[in-house]
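One file, final.pdb, carrying PDB, C-alpha atoms:
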```pdb
MODEL        1
ATOM      1  CA  MET U  28     -15.164  23.104  12.797  1.00  0.00           C
ATOM      2  CA  MET U  29     -16.259  24.314   9.367  1.00  0.00           C
ATOM      3  CA  GLU U  30     -17.636  21.625   7.048  1.00  0.00           C
ATOM      4  CA  LYS U  31     -15.921  21.496   3.647  1.00  0.00           C
ATOM      5  CA  VAL U  32     -18.171  22.206   0.693  1.00  0.00           C
ATOM      6  CA  TYR U  33     -17.915  19.780  -2.215  1.00  0.00           C
ATOM      7  CA  PRO U  34     -20.023  19.513  -5.406  1.00  0.00           C
ATOM      8  CA  ASP U  35     -23.327  17.650  -5.030  1.00  0.00           C
ATOM      9  CA  TRP U  36     -22.127  14.615  -7.026  1.00  0.00           C
ATOM     10  CA  VAL U  37     -19.251  14.251  -4.549  1.00  0.00           C
ATOM     11  CA  GLN U  38     -21.400  14.764  -1.429  1.00  0.00           C
ATOM     12  CA  GLU U  39     -23.793  12.016  -2.623  1.00  0.00           C
ATOM     13  CA  GLN U  40     -21.032   9.415  -2.160  1.00  0.00           C
ATOM     14  CA  LYS U  41     -20.288  10.355   1.457  1.00  0.00           C
ATOM     15  CA  THR U  42     -21.882   8.046   4.013  1.00  0.00           C
ATOM     16  CA  LYS U  43     -21.455   7.620   7.746  1.00  0.00           C
ATOM     17  CA  GLY U  44     -17.931   6.495   8.595  1.00  0.00           C
ATOM     18  CA  THR U  45     -16.365   7.842   5.399  1.00  0.00           C
ATOM     19  CA  THR U  46     -14.405  10.958   4.543  1.00  0.00           C
ATOM     20  CA  ILE U  47     -13.643  12.763   1.295  1.00  0.00           C
ATOM     21  CA  LYS U  48     -10.251  14.130   0.357  1.00  0.00           C
ATOM     22  CA  LYS U  49      -9.526  16.399  -2.593  1.00  0.00           C
ATOM     23  CA  VAL U  50      -6.129  16.092  -4.282  1.00  0.00           C
ATOM     24  CA  GLY U  51      -5.683  18.451  -7.222  1.00  0.00           C
ATOM     25  CA  ASN U  52      -8.945  18.265  -9.194  1.00  0.00           C
ATOM     26  CA  ASN U  53      -9.793  14.728  -8.029  1.00  0.00           C
ATOM     27  CA  TYR U  54     -11.901  13.543  -5.101  1.00  0.00           C
ATOM     28  CA  TYR U  55     -11.172  10.353  -3.149  1.00  0.00           C
ATOM     29  CA  LEU U  56     -13.322   8.391  -0.694  1.00  0.00           C
ATOM     30  CA  TYR U  57     -11.815   6.873   2.461  1.00  0.00           C
ATOM     31  CA  LYS U  58     -13.220   4.755   5.272  1.00  0.00           C
ATOM     32  CA  HIS U  59     -12.496   6.715   8.438  1.00  0.00           C
ATOM     33  CA  SER U  60     -11.934   5.092  11.826  1.00  0.00           C
ATOM     34  CA  SER U  61      -9.571   5.300  14.759  1.00  0.00           C
ATOM     35  CA  LYS U  62      -7.606   2.863  16.867  1.00  0.00           C
ATOM     36  CA  ARG U  63      -6.080   2.917  20.292  1.00  0.00           C
ATOM     37  CA  VAL U  64      -2.292   2.968  20.500  1.00  0.00           C
ATOM     38  CA  PRO U  65      -0.732   2.060  23.840  1.00  0.00           C
ATOM     39  CA  GLY U  66       1.157   4.989  25.302  1.00  0.00           C
ATOM     40  CA  LYS U  67      -0.810   7.632  23.397  1.00  0.00           C
ATOM     41  CA  LYS U  68      -3.354   9.849  25.085  1.00  0.00           C
ATOM     42  CA  ASN U  69      -5.888   9.899  22.243  1.00  0.00           C
ATOM     43  CA  PRO U  70      -6.873   7.386  19.524  1.00  0.00           C
ATOM     44  CA  VAL U  71      -4.973   7.597  16.223  1.00  0.00           C
ATOM     45  CA  PRO U  72      -7.096   8.210  13.085  1.00  0.00           C
ATOM     46  CA  VAL U  73      -6.953   5.507  10.397  1.00  0.00           C
ATOM     47  CA  ASP U  74      -8.123   6.162   6.818  1.00  0.00           C
ATOM     48  CA  THR U  75      -8.520   3.252   4.390  1.00  0.00           C
ATOM     49  CA  TYR U  76      -8.712   4.077   0.667  1.00  0.00           C
ATOM     50  CA  ILE U  77     -11.961   3.019  -0.998  1.00  0.00           C
ATOM     51  CA  GLY U  78     -11.765   4.631  -4.437  1.00  0.00           C
ATOM     52  CA  LYS U  79     -11.868   7.705  -6.655  1.00  0.00           C
ATOM     53  CA  ILE U  80     -15.109   9.687  -6.853  1.00  0.00           C
ATOM     54  CA  THR U  81     -16.253  10.635 -10.363  1.00  0.00           C
ATOM     55  CA  PRO U  82     -19.562  12.119 -11.580  1.00  0.00           C
ATOM     56  CA  GLU U  83     -20.532   8.547 -12.645  1.00  0.00           C
ATOM     57  CA  GLY U  84     -19.889   7.106  -9.158  1.00  0.00           C
ATOM     58  CA  ILE U  85     -16.982   5.538  -7.272  1.00  0.00           C
ATOM     59  CA  GLU U  86     -14.120   3.883  -9.140  1.00  0.00           C
ATOM     60  CA  ARG U  87     -13.149   1.260  -6.582  1.00  0.00           C
ATOM     61  CA  SER U  88      -9.530   0.296  -6.120  1.00  0.00           C
ATOM     62  CA  ASN U  89      -8.680  -3.078  -7.698  1.00  0.00           C
ATOM     63  CA  SER U  90      -5.447  -3.439  -5.760  1.00  0.00           C
ATOM     64  CA  LYS U  91      -5.144  -5.803  -2.846  1.00  0.00           C
ATOM     65  CA  LYS U  92      -2.503  -6.441  -0.252  1.00  0.00           C
ATOM     66  CA  VAL U  93      -0.501  -9.598  -0.824  1.00  0.00           C
ATOM     67  CA  ASP U  94       1.565 -11.347   1.805  1.00  0.00           C
ATOM     68  CA  VAL U  95       5.135 -11.236   0.491  1.00  0.00           C
ATOM     69  CA  ASN U  96       5.859 -14.662   1.961  1.00  0.00           C
ATOM     70  CA  SER U  97       2.919 -16.278   0.146  1.00  0.00           C
ATOM     71  CA  SER U  98       3.247 -18.243  -3.070  1.00  0.00           C
ATOM     72  CA  GLU U  99       1.221 -15.545  -4.903  1.00  0.00           C
ATOM     73  CA  ALA U 100       4.128 -13.085  -4.759  1.00  0.00           C
ATOM     74  CA  LEU U 101       6.795 -13.215  -7.450  1.00  0.00           C
ATOM     75  CA  VAL U 102       9.896 -11.217  -6.642  1.00  0.00           C
ATOM     76  CA  LYS U 103      12.090 -10.125  -9.525  1.00  0.00           C
ATOM     77  CA  GLU U 104      15.574  -8.791  -8.981  1.00  0.00           C
ATOM     78  CA  TYR U 105      16.888  -5.761 -10.858  1.00  0.00           C
ATOM     79  CA  GLY U 106      19.938  -3.534 -10.678  1.00  0.00           C
ATOM     80  CA  PHE U 107      23.014  -4.487  -8.692  1.00  0.00           C
ATOM     81  CA  SER U 108      21.438  -7.507  -6.981  1.00  0.00           C
ATOM     82  CA  ARG U 109      20.474  -8.922 -10.401  1.00  0.00           C
ATOM     83  CA  ALA U 110      24.050  -8.427 -11.650  1.00  0.00           C
ATOM     84  CA  ILE U 111      25.408 -10.317  -8.626  1.00  0.00           C
ATOM     85  CA  GLU U 112      22.872 -13.087  -9.200  1.00  0.00           C
ATOM     86  CA  LEU U 113      23.971 -13.486 -12.836  1.00  0.00           C
ATOM     87  CA  LEU U 114      27.735 -13.079 -12.361  1.00  0.00           C
ATOM     88  CA  TYR U 115      28.176 -14.894  -9.041  1.00  0.00           C
ATOM     89  CA  PRO U 116      25.237 -17.249  -8.489  1.00  0.00           C
ATOM     90  CA  ALA U 117      26.871 -19.031  -5.528  1.00  0.00           C
ATOM     91  CA  ALA U 118      27.558 -15.736  -3.756  1.00  0.00           C
ATOM     92  CA  TYR U 119      24.023 -14.554  -4.437  1.00  0.00           C
ATOM     93  CA  ASP U 120      22.531 -17.754  -2.989  1.00  0.00           C
ATOM     94  CA  TYR U 121      24.737 -17.437   0.085  1.00  0.00           C
ATOM     95  CA  ILE U 122      23.747 -13.784   0.664  1.00  0.00           C
ATOM     96  CA  TYR U 123      20.068 -14.515   0.003  1.00  0.00           C
ATOM     97  CA  CYS U 124      20.034 -17.429   2.467  1.00  0.00           C
ATOM     98  CA  ALA U 125      21.808 -15.342   5.095  1.00  0.00           C
ATOM     99  CA  TYR U 126      19.219 -12.585   4.623  1.00  0.00           C
ATOM    100  CA  CYS U 127      16.286 -14.992   4.910  1.00  0.00           C
ATOM    101  CA  GLY U 128      17.784 -16.758   7.902  1.00  0.00           C
ATOM    102  CA  GLU U 129      18.153 -20.059   6.069  1.00  0.00           C
ATOM    103  CA  GLU U 130      21.157 -22.316   5.998  1.00  0.00           C
ATOM    104  CA  PRO U 131      22.933 -22.040   2.610  1.00  0.00           C
ATOM    105  CA  ALA U 132      23.248 -25.246   0.590  1.00  0.00           C
ATOM    106  CA  PHE U 133      26.996 -24.739   0.530  1.00  0.00           C
ATOM    107  CA  SER U 134      29.339 -22.005   1.675  1.00  0.00           C
ATOM    108  CA  ASP U 135      31.892 -22.376  -1.105  1.00  0.00           C
ATOM    109  CA  ILE U 136      32.014 -18.914  -2.686  1.00  0.00           C
TER     110      ILE U 136
ENDMDL
END
```

Reformat the file's structure so that it appears as structure tokens.
Amino acid sequence: MMEKVYPDWVQEQKTKGTTIKKVGNNYYLYKHSSKRVPGKKNPVPVDTYIGKITPEGIERSNSKKVDVNSSEALVKEYGFSRAIELLYPAAYDYIYCAYCGEEPAFSDI
């Protein structure tokens, strides 16, 4: 397989276990690994985003995954669900509890 040729300042950032992807005029660094999936013949490749490569170095991603069920997550409603919440709060609570699998405080809607 032919090795892709990138500028020197991009190649300097590549280490063992990483891969570089070019999107448009930008270069991105990913951690490259693979995992076994039951039922598949070969391992499935897994790429984890590390950051954007610039001539000054790597701009690391500041984002992190947050568990939606944790207290750190704040969910705001917009659109139709927000209208229902404002116009019919009892109905919204009933629907929300049914969705979450909780018992509604009252079923009088």

Looking at U:Ala117, U:Ala125, U:Ile80, U:Ala110, which one is nearest to U:Thr46, with distances taken over only C-alpha atoms?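 For U:Thr46, the nearest of the candidates is U:Ile80.
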
Which residue gives the smallest distance to U:Thr45 among U:Val71, U:Val64, U:Ile85, U:Ile77, with all atoms listed in the file counted? U:Ile77

Do you know which residues the PyMOL selection byres ((chain U and resi 73) around 9) returns on this file, as an MDAnalysis selection string? chainID U and resid 58:62 71:72 74:75

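Among the candidates U:Ile47, U:Arg63, U:Tyr33, U:Tyr119, the residue lying nearest to U:Phe107 is U:Tyr119 (atoms considered: all atoms listed in the file).
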
Atomic separation - atom CA of U:Val50 relative to atom CA of U:Asn69, Å: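 Between atom CA of U:Asn69 and atom CA of U:Val50 the gap works out to 27.2 Å.
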
Quote the spacing between atom CA of U:Gly78 and atom CA of U:Lys48 in Å to one decimal place.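 Atom CA of U:Lys48 lies at a distance of 10.7 Å from atom CA of U:Gly78.
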
Separating atom CA of U:Lys41 from atom CA of U:Asn89, to the nearest tenth of an Å, is a gap of 20.0 Å

Using the chain letters and numbering of this document, enumerate as a JSON list (two decimals) with C-alpha atoms, in the coordinates of the input the residues selected by the PyMOL selection byres ((chain U and resi 36) around 10).
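Output (result_33.json):
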```json
[["chain", "number", "residue", "atom", "x", "y", "z"],
["U", 33, "TYR", "CA", -17.92, 19.78, -2.22],
["U", 34, "PRO", "CA", -20.02, 19.51, -5.41],
["U", 35, "ASP", "CA", -23.33, 17.65, -5.03],
["U", 37, "VAL", "CA", -19.25, 14.25, -4.55],
["U", 38, "GLN", "CA", -21.40, 14.76, -1.43],
["U", 39, "GLU", "CA", -23.79, 12.02, -2.62],
["U", 40, "GLN", "CA", -21.03, 9.41, -2.16],
["U", 41, "LYS", "CA", -20.29, 10.36, 1.46],
["U", 80, "ILE", "CA", -15.11, 9.69, -6.85],
["U", 81, "THR", "CA", -16.25, 10.64, -10.36],
["U", 82, "PRO", "CA", -19.56, 12.12, -11.58],
["U", 83, "GLU", "CA", -20.53, 8.55, -12.64],
["U", 84, "GLY", "CA", -19.89, 7.11, -9.16]]
```
